[in-house]
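These notes are about the structure you will find just below.
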Amino acid sequence: MDRGTVGSAQSGRLLVEVREEGASAVVTPAGELDHHTADLLREPIEECLDRGFARLVVDCSQLEFCDSTGLNVLLGARLKAEAAGGGVHLAGMLPVVSRVFEITGAEAVFTLHDTLEEALREPGPDGSEVGEPEADPGD
């Protein structure tokens with residue numbers, strides 16, 4: 001299991017860390033996601049997608065605030081990931097952030113998980129564990 005940090009970006013209000021976890025890219029925003037900090041999340045997510053990670057897990061456990069601009073970043077990422085055959089999984093949302101998703105109805109279009117561990121354990125489309133590399137059919 002590769003847990004190396006792929007990158008990070010920071011402003012005074014938002015820190016974003018990205019790491020590889022098997023076949024998933026785990027993106028962890030910490031702080032406030034709004035109009036002023038949205039690009040700090042958008043850019044690493046797009047980089048993950050460009051690098052071939054179609055499955056993104058966003059660990060929201062340290063996200064203290066999310067406005068409509070931040071929500072749009074996640075919705076855009078979902079569309080791109082799904083077009084590549086994957087998806088965006090949101091894990092560990094705090095109640096204040098979860099409420100934004102409830103009010104807007106966005107919770108219906110994302111796969112939500114109570115914890116990061118749960119999101120990483122979810123089986124992939126072929127039934128294999130997502131956090132583990134796919135088995136070589138020649139084995």
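Following the order of the structure tokens, chains are lettered A, B, ..., residues in each are numbered from 1, and ligands are numbered from 1.
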Each residue of stretch 47-89 of chain A with at least one atom at most 7 Å from stretch 22-36 of chain A should appear once, together with its nearest atom pair and the corresponding distance in Å (one decimal); atoms considered: only C-alpha atoms; ordering: chain, then increasing residue number; output as CSV.
```
residue,atom,partner,partner_atom,distance
A:Cys48,CA,A:Ala25,CA,6.7
A:Phe53,CA,A:Ala25,CA,6.2
A:Arg55,CA,A:Ser24,CA,5.2
A:Leu56,CA,A:Ala25,CA,5.0
A:Val57,CA,A:Val26,CA,4.8
A:Val58,CA,A:Val27,CA,4.8
A:Asp59,CA,A:Thr28,CA,4.8
A:Cys60,CA,A:Thr28,CA,6.5
A:Gln62,CA,A:Ala30,CA,4.6
A:Leu63,CA,A:Ala30,CA,4.8
A:Glu64,CA,A:Gly31,CA,5.2
A:Phe65,CA,A:Glu32,CA,4.7
A:Cys66,CA,A:Leu33,CA,4.7
A:Asp67,CA,A:Asp34,CA,5.2
A:Thr69,CA,A:His35,CA,5.4
A:Gly70,CA,A:Asp34,CA,5.3
```
Serialized selection, N, CA, C and O atoms, as a PDB file, in the first residue's frame:
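Written file, selection_35.pdb:
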```pdb
ATOM      1  N   CYS A  48      -4.579  14.866 -10.087  1.00  0.00           N
ATOM      2  CA  CYS A  48      -4.824  13.438  -9.837  1.00  0.00           C
ATOM      3  C   CYS A  48      -5.542  12.799 -11.022  1.00  0.00           C
ATOM      4  O   CYS A  48      -5.180  11.705 -11.467  1.00  0.00           O
ATOM      5  N   PHE A  53      -5.834   8.800 -12.003  1.00  0.00           N
ATOM      6  CA  PHE A  53      -6.635   8.350 -10.854  1.00  0.00           C
ATOM      7  C   PHE A  53      -8.098   8.693 -11.135  1.00  0.00           C
ATOM      8  O   PHE A  53      -8.496   9.847 -11.038  1.00  0.00           O
ATOM      9  N   ARG A  55     -10.512   7.240  -9.399  1.00  0.00           N
ATOM     10  CA  ARG A  55     -11.207   7.126  -8.116  1.00  0.00           C
ATOM     11  C   ARG A  55     -10.528   8.054  -7.118  1.00  0.00           C
ATOM     12  O   ARG A  55      -9.372   7.879  -6.773  1.00  0.00           O
ATOM     13  N   LEU A  56     -11.294   9.047  -6.682  1.00  0.00           N
ATOM     14  CA  LEU A  56     -10.798  10.004  -5.705  1.00  0.00           C
ATOM     15  C   LEU A  56     -11.564   9.830  -4.402  1.00  0.00           C
ATOM     16  O   LEU A  56     -12.786   9.710  -4.414  1.00  0.00           O
ATOM     17  N   VAL A  57     -10.827   9.811  -3.314  1.00  0.00           N
ATOM     18  CA  VAL A  57     -11.442   9.784  -1.996  1.00  0.00           C
ATOM     19  C   VAL A  57     -11.077  11.110  -1.330  1.00  0.00           C
ATOM     20  O   VAL A  57      -9.900  11.420  -1.166  1.00  0.00           O
ATOM     21  N   VAL A  58     -12.086  11.894  -1.005  1.00  0.00           N
ATOM     22  CA  VAL A  58     -11.861  13.173  -0.349  1.00  0.00           C
ATOM     23  C   VAL A  58     -12.153  12.990   1.135  1.00  0.00           C
ATOM     24  O   VAL A  58     -13.295  12.723   1.526  1.00  0.00           O
ATOM     25  N   ASP A  59     -11.096  13.095   1.936  1.00  0.00           N
ATOM     26  CA  ASP A  59     -11.224  12.968   3.388  1.00  0.00           C
ATOM     27  C   ASP A  59     -11.642  14.335   3.927  1.00  0.00           C
ATOM     28  O   ASP A  59     -10.836  15.252   4.043  1.00  0.00           O
ATOM     29  N   CYS A  60     -12.920  14.470   4.237  1.00  0.00           N
ATOM     30  CA  CYS A  60     -13.489  15.754   4.664  1.00  0.00           C
ATOM     31  C   CYS A  60     -13.448  15.948   6.184  1.00  0.00           C
ATOM     32  O   CYS A  60     -14.016  16.916   6.695  1.00  0.00           O
ATOM     33  N   GLN A  62     -11.356  17.057   8.173  1.00  0.00           N
ATOM     34  CA  GLN A  62     -10.725  18.278   8.666  1.00  0.00           C
ATOM     35  C   GLN A  62     -11.255  19.528   7.957  1.00  0.00           C
ATOM     36  O   GLN A  62     -10.730  20.619   8.143  1.00  0.00           O
ATOM     37  N   LEU A  63     -12.284  19.340   7.133  1.00  0.00           N
ATOM     38  CA  LEU A  63     -12.883  20.453   6.411  1.00  0.00           C
ATOM     39  C   LEU A  63     -13.901  21.131   7.319  1.00  0.00           C
ATOM     40  O   LEU A  63     -14.903  20.529   7.700  1.00  0.00           O
ATOM     41  N   GLU A  64     -13.631  22.379   7.680  1.00  0.00           N
ATOM     42  CA  GLU A  64     -14.456  23.098   8.647  1.00  0.00           C
ATOM     43  C   GLU A  64     -15.571  23.919   8.018  1.00  0.00           C
ATOM     44  O   GLU A  64     -16.519  24.318   8.696  1.00  0.00           O
ATOM     45  N   PHE A  65     -15.455  24.192   6.705  1.00  0.00           N
ATOM     46  CA  PHE A  65     -16.441  25.032   6.029  1.00  0.00           C
ATOM     47  C   PHE A  65     -16.371  24.737   4.538  1.00  0.00           C
ATOM     48  O   PHE A  65     -15.308  24.498   3.997  1.00  0.00           O
ATOM     49  N   CYS A  66     -17.532  24.754   3.889  1.00  0.00           N
ATOM     50  CA  CYS A  66     -17.589  24.584   2.438  1.00  0.00           C
ATOM     51  C   CYS A  66     -18.739  25.421   1.909  1.00  0.00           C
ATOM     52  O   CYS A  66     -19.875  25.255   2.341  1.00  0.00           O
ATOM     53  N   ASP A  67     -18.433  26.330   0.989  1.00  0.00           N
ATOM     54  CA  ASP A  67     -19.503  27.133   0.387  1.00  0.00           C
ATOM     55  C   ASP A  67     -19.813  26.591  -1.008  1.00  0.00           C
ATOM     56  O   ASP A  67     -19.319  25.535  -1.402  1.00  0.00           O
ATOM     57  N   THR A  69     -18.891  27.531  -3.933  1.00  0.00           N
ATOM     58  CA  THR A  69     -17.730  27.416  -4.817  1.00  0.00           C
ATOM     59  C   THR A  69     -16.993  26.114  -4.555  1.00  0.00           C
ATOM     60  O   THR A  69     -16.605  25.404  -5.489  1.00  0.00           O
ATOM     61  N   GLY A  70     -16.810  25.776  -3.299  1.00  0.00           N
ATOM     62  CA  GLY A  70     -16.170  24.513  -2.956  1.00  0.00           C
ATOM     63  C   GLY A  70     -16.993  23.329  -3.408  1.00  0.00           C
ATOM     64  O   GLY A  70     -16.455  22.337  -3.923  1.00  0.00           O
TER      65      GLY A  70
END
```
### Task
Identify, on the basis of only C-alpha atoms, every residue whose closest approach to A:Glu43 does not exceed 12 Å; exclude the query and any residue fewer than 3 positions from it along the same chain; express the result as a PyMOL selection string.
chain A and resi 7-10+16-18+27+37-40+46-50+73-74+76-77
Written file, previous selection with all heavy atoms, as a tab-separated table (two decimals), in the first residue's frame:
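Listing of result20.tsv after writing:
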```tsv
chain	number	residue	atom	x	y	z
A	7	GLY	N	1.47	15.49	-2.95
A	7	GLY	CA	1.64	16.93	-2.97
A	7	GLY	C	0.81	17.61	-1.91
A	7	GLY	O	0.00	16.98	-1.24
A	8	SER	N	1.04	18.90	-1.76
A	8	SER	CA	0.23	19.68	-0.84
A	8	SER	C	0.24	21.13	-1.29
A	8	SER	O	1.14	21.57	-1.99
A	8	SER	CB	0.76	19.58	0.60
A	8	SER	OG	2.03	20.16	0.70
A	9	ALA	N	-0.79	21.85	-0.92
A	9	ALA	CA	-0.91	23.27	-1.21
A	9	ALA	C	-1.50	23.92	0.04
A	9	ALA	O	-2.24	23.29	0.78
A	9	ALA	CB	-1.83	23.50	-2.41
A	10	GLN	N	-1.15	25.17	0.27
A	10	GLN	CA	-1.63	25.82	1.49
A	10	GLN	C	-1.85	27.31	1.27
A	10	GLN	O	-1.12	27.97	0.56
A	10	GLN	CB	-0.61	25.61	2.60
A	10	GLN	CG	-1.04	26.21	3.91
A	10	GLN	CD	-0.10	25.84	5.04
A	10	GLN	OE1	0.93	25.23	4.84
A	10	GLN	NE2	-0.45	26.23	6.23
A	16	VAL	N	-4.22	21.50	1.64
A	16	VAL	CA	-4.68	20.32	0.90
A	16	VAL	C	-3.51	19.37	0.74
A	16	VAL	O	-2.47	19.76	0.21
A	16	VAL	CB	-5.24	20.70	-0.49
A	16	VAL	CG1	-5.68	19.46	-1.24
A	16	VAL	CG2	-6.40	21.68	-0.35
A	17	GLU	N	-3.69	18.16	1.21
A	17	GLU	CA	-2.68	17.12	1.04
A	17	GLU	C	-3.25	16.03	0.15
A	17	GLU	O	-4.44	15.72	0.22
A	17	GLU	CB	-2.26	16.53	2.38
A	17	GLU	CG	-1.50	17.52	3.23
A	17	GLU	CD	-0.96	16.90	4.51
A	17	GLU	OE1	-1.23	15.72	4.79
A	17	GLU	OE2	-0.28	17.63	5.23
A	18	VAL	N	-2.37	15.46	-0.67
A	18	VAL	CA	-2.77	14.41	-1.59
A	18	VAL	C	-1.79	13.26	-1.44
A	18	VAL	O	-0.59	13.47	-1.38
A	18	VAL	CB	-2.76	14.91	-3.05
A	18	VAL	CG1	-3.18	13.79	-4.00
A	18	VAL	CG2	-3.64	16.12	-3.22
A	27	VAL	N	-7.44	12.79	-1.16
A	27	VAL	CA	-7.28	14.24	-1.08
A	27	VAL	C	-7.85	14.68	0.26
A	27	VAL	O	-9.01	14.39	0.57
A	27	VAL	CB	-8.03	14.94	-2.24
A	27	VAL	CG1	-7.85	16.44	-2.19
A	27	VAL	CG2	-7.56	14.38	-3.59
A	37	THR	N	-10.31	29.97	-1.64
A	37	THR	CA	-9.40	28.83	-1.50
A	37	THR	C	-9.73	27.68	-2.46
A	37	THR	O	-9.01	26.67	-2.47
A	37	THR	CB	-9.43	28.30	-0.06
A	37	THR	OG1	-10.76	27.87	0.27
A	37	THR	CG2	-8.97	29.36	0.93
A	38	ALA	N	-10.77	27.80	-3.25
A	38	ALA	CA	-11.24	26.70	-4.09
A	38	ALA	C	-10.17	26.17	-5.05
A	38	ALA	O	-10.07	24.96	-5.27
A	38	ALA	CB	-12.48	27.12	-4.88
A	39	ASP	N	-9.35	27.06	-5.61
A	39	ASP	CA	-8.32	26.60	-6.54
A	39	ASP	C	-7.28	25.73	-5.86
A	39	ASP	O	-6.65	24.89	-6.51
A	39	ASP	CB	-7.64	27.78	-7.23
A	39	ASP	CG	-8.51	28.38	-8.33
A	39	ASP	OD1	-9.42	27.69	-8.82
A	39	ASP	OD2	-8.28	29.55	-8.70
A	40	LEU	N	-7.09	25.90	-4.55
A	40	LEU	CA	-6.15	25.06	-3.83
A	40	LEU	C	-6.62	23.61	-3.77
A	40	LEU	O	-5.82	22.70	-3.60
A	40	LEU	CB	-5.93	25.58	-2.41
A	40	LEU	CG	-5.13	26.87	-2.30
A	40	LEU	CD1	-5.16	27.38	-0.87
A	40	LEU	CD2	-3.70	26.66	-2.76
A	46	GLU	N	-7.49	18.01	-10.14
A	46	GLU	CA	-7.31	17.88	-11.59
A	46	GLU	C	-6.00	17.19	-11.92
A	46	GLU	O	-5.93	16.40	-12.86
A	46	GLU	CB	-7.41	19.26	-12.25
A	46	GLU	CG	-8.84	19.78	-12.25
A	46	GLU	CD	-9.00	21.13	-12.91
A	46	GLU	OE1	-7.98	21.72	-13.36
A	46	GLU	OE2	-10.14	21.60	-12.97
A	47	GLU	N	-4.97	17.44	-11.13
A	47	GLU	CA	-3.70	16.77	-11.33
A	47	GLU	C	-3.84	15.26	-11.11
A	47	GLU	O	-3.30	14.45	-11.87
A	47	GLU	CB	-2.64	17.34	-10.39
A	47	GLU	CG	-1.25	16.78	-10.64
A	47	GLU	CD	-0.21	17.44	-9.76
A	47	GLU	OE1	-0.19	18.68	-9.70
A	47	GLU	OE2	0.58	16.71	-9.16
A	48	CYS	N	-4.58	14.87	-10.09
A	48	CYS	CA	-4.82	13.44	-9.84
A	48	CYS	C	-5.54	12.80	-11.02
A	48	CYS	O	-5.18	11.70	-11.47
A	48	CYS	CB	-5.65	13.24	-8.57
A	48	CYS	SG	-4.76	13.61	-7.05
A	49	LEU	N	-6.56	13.47	-11.52
A	49	LEU	CA	-7.31	12.95	-12.65
A	49	LEU	C	-6.42	12.87	-13.89
A	49	LEU	O	-6.46	11.88	-14.63
A	49	LEU	CB	-8.55	13.81	-12.92
A	49	LEU	CG	-9.62	13.76	-11.83
A	49	LEU	CD1	-10.62	14.89	-12.01
A	49	LEU	CD2	-10.33	12.41	-11.82
A	50	ASP	N	-5.59	13.87	-14.11
A	50	ASP	CA	-4.66	13.87	-15.24
A	50	ASP	C	-3.65	12.75	-15.14
A	50	ASP	O	-3.18	12.22	-16.15
A	50	ASP	CB	-3.93	15.21	-15.35
A	50	ASP	CG	-4.83	16.36	-15.77
A	50	ASP	OD1	-5.96	16.09	-16.25
A	50	ASP	OD2	-4.42	17.53	-15.62
A	73	VAL	N	-16.45	22.74	-7.03
A	73	VAL	CA	-15.18	22.06	-7.31
A	73	VAL	C	-15.37	20.55	-7.20
A	73	VAL	O	-14.94	19.78	-8.07
A	73	VAL	CB	-14.07	22.53	-6.34
A	73	VAL	CG1	-12.84	21.64	-6.43
A	73	VAL	CG2	-13.69	23.98	-6.63
A	74	LEU	N	-16.05	20.11	-6.16
A	74	LEU	CA	-16.27	18.69	-5.96
A	74	LEU	C	-17.22	18.11	-7.01
A	74	LEU	O	-17.02	16.99	-7.49
A	74	LEU	CB	-16.79	18.43	-4.54
A	74	LEU	CG	-15.79	18.76	-3.43
A	74	LEU	CD1	-16.47	18.73	-2.07
A	74	LEU	CD2	-14.60	17.81	-3.48
A	76	GLY	N	-17.60	19.23	-10.08
A	76	GLY	CA	-16.82	19.15	-11.33
A	76	GLY	C	-15.88	17.96	-11.33
A	76	GLY	O	-15.73	17.26	-12.34
A	77	ALA	N	-15.26	17.71	-10.19
A	77	ALA	CA	-14.36	16.55	-10.06
A	77	ALA	C	-15.15	15.26	-10.25
A	77	ALA	O	-14.68	14.31	-10.90
A	77	ALA	CB	-13.69	16.56	-8.70
```
### Query
How many Å lie between atom CA of A:Glu102 and atom CA of A:Ala54, rounded to one decimal?
24.9 Å
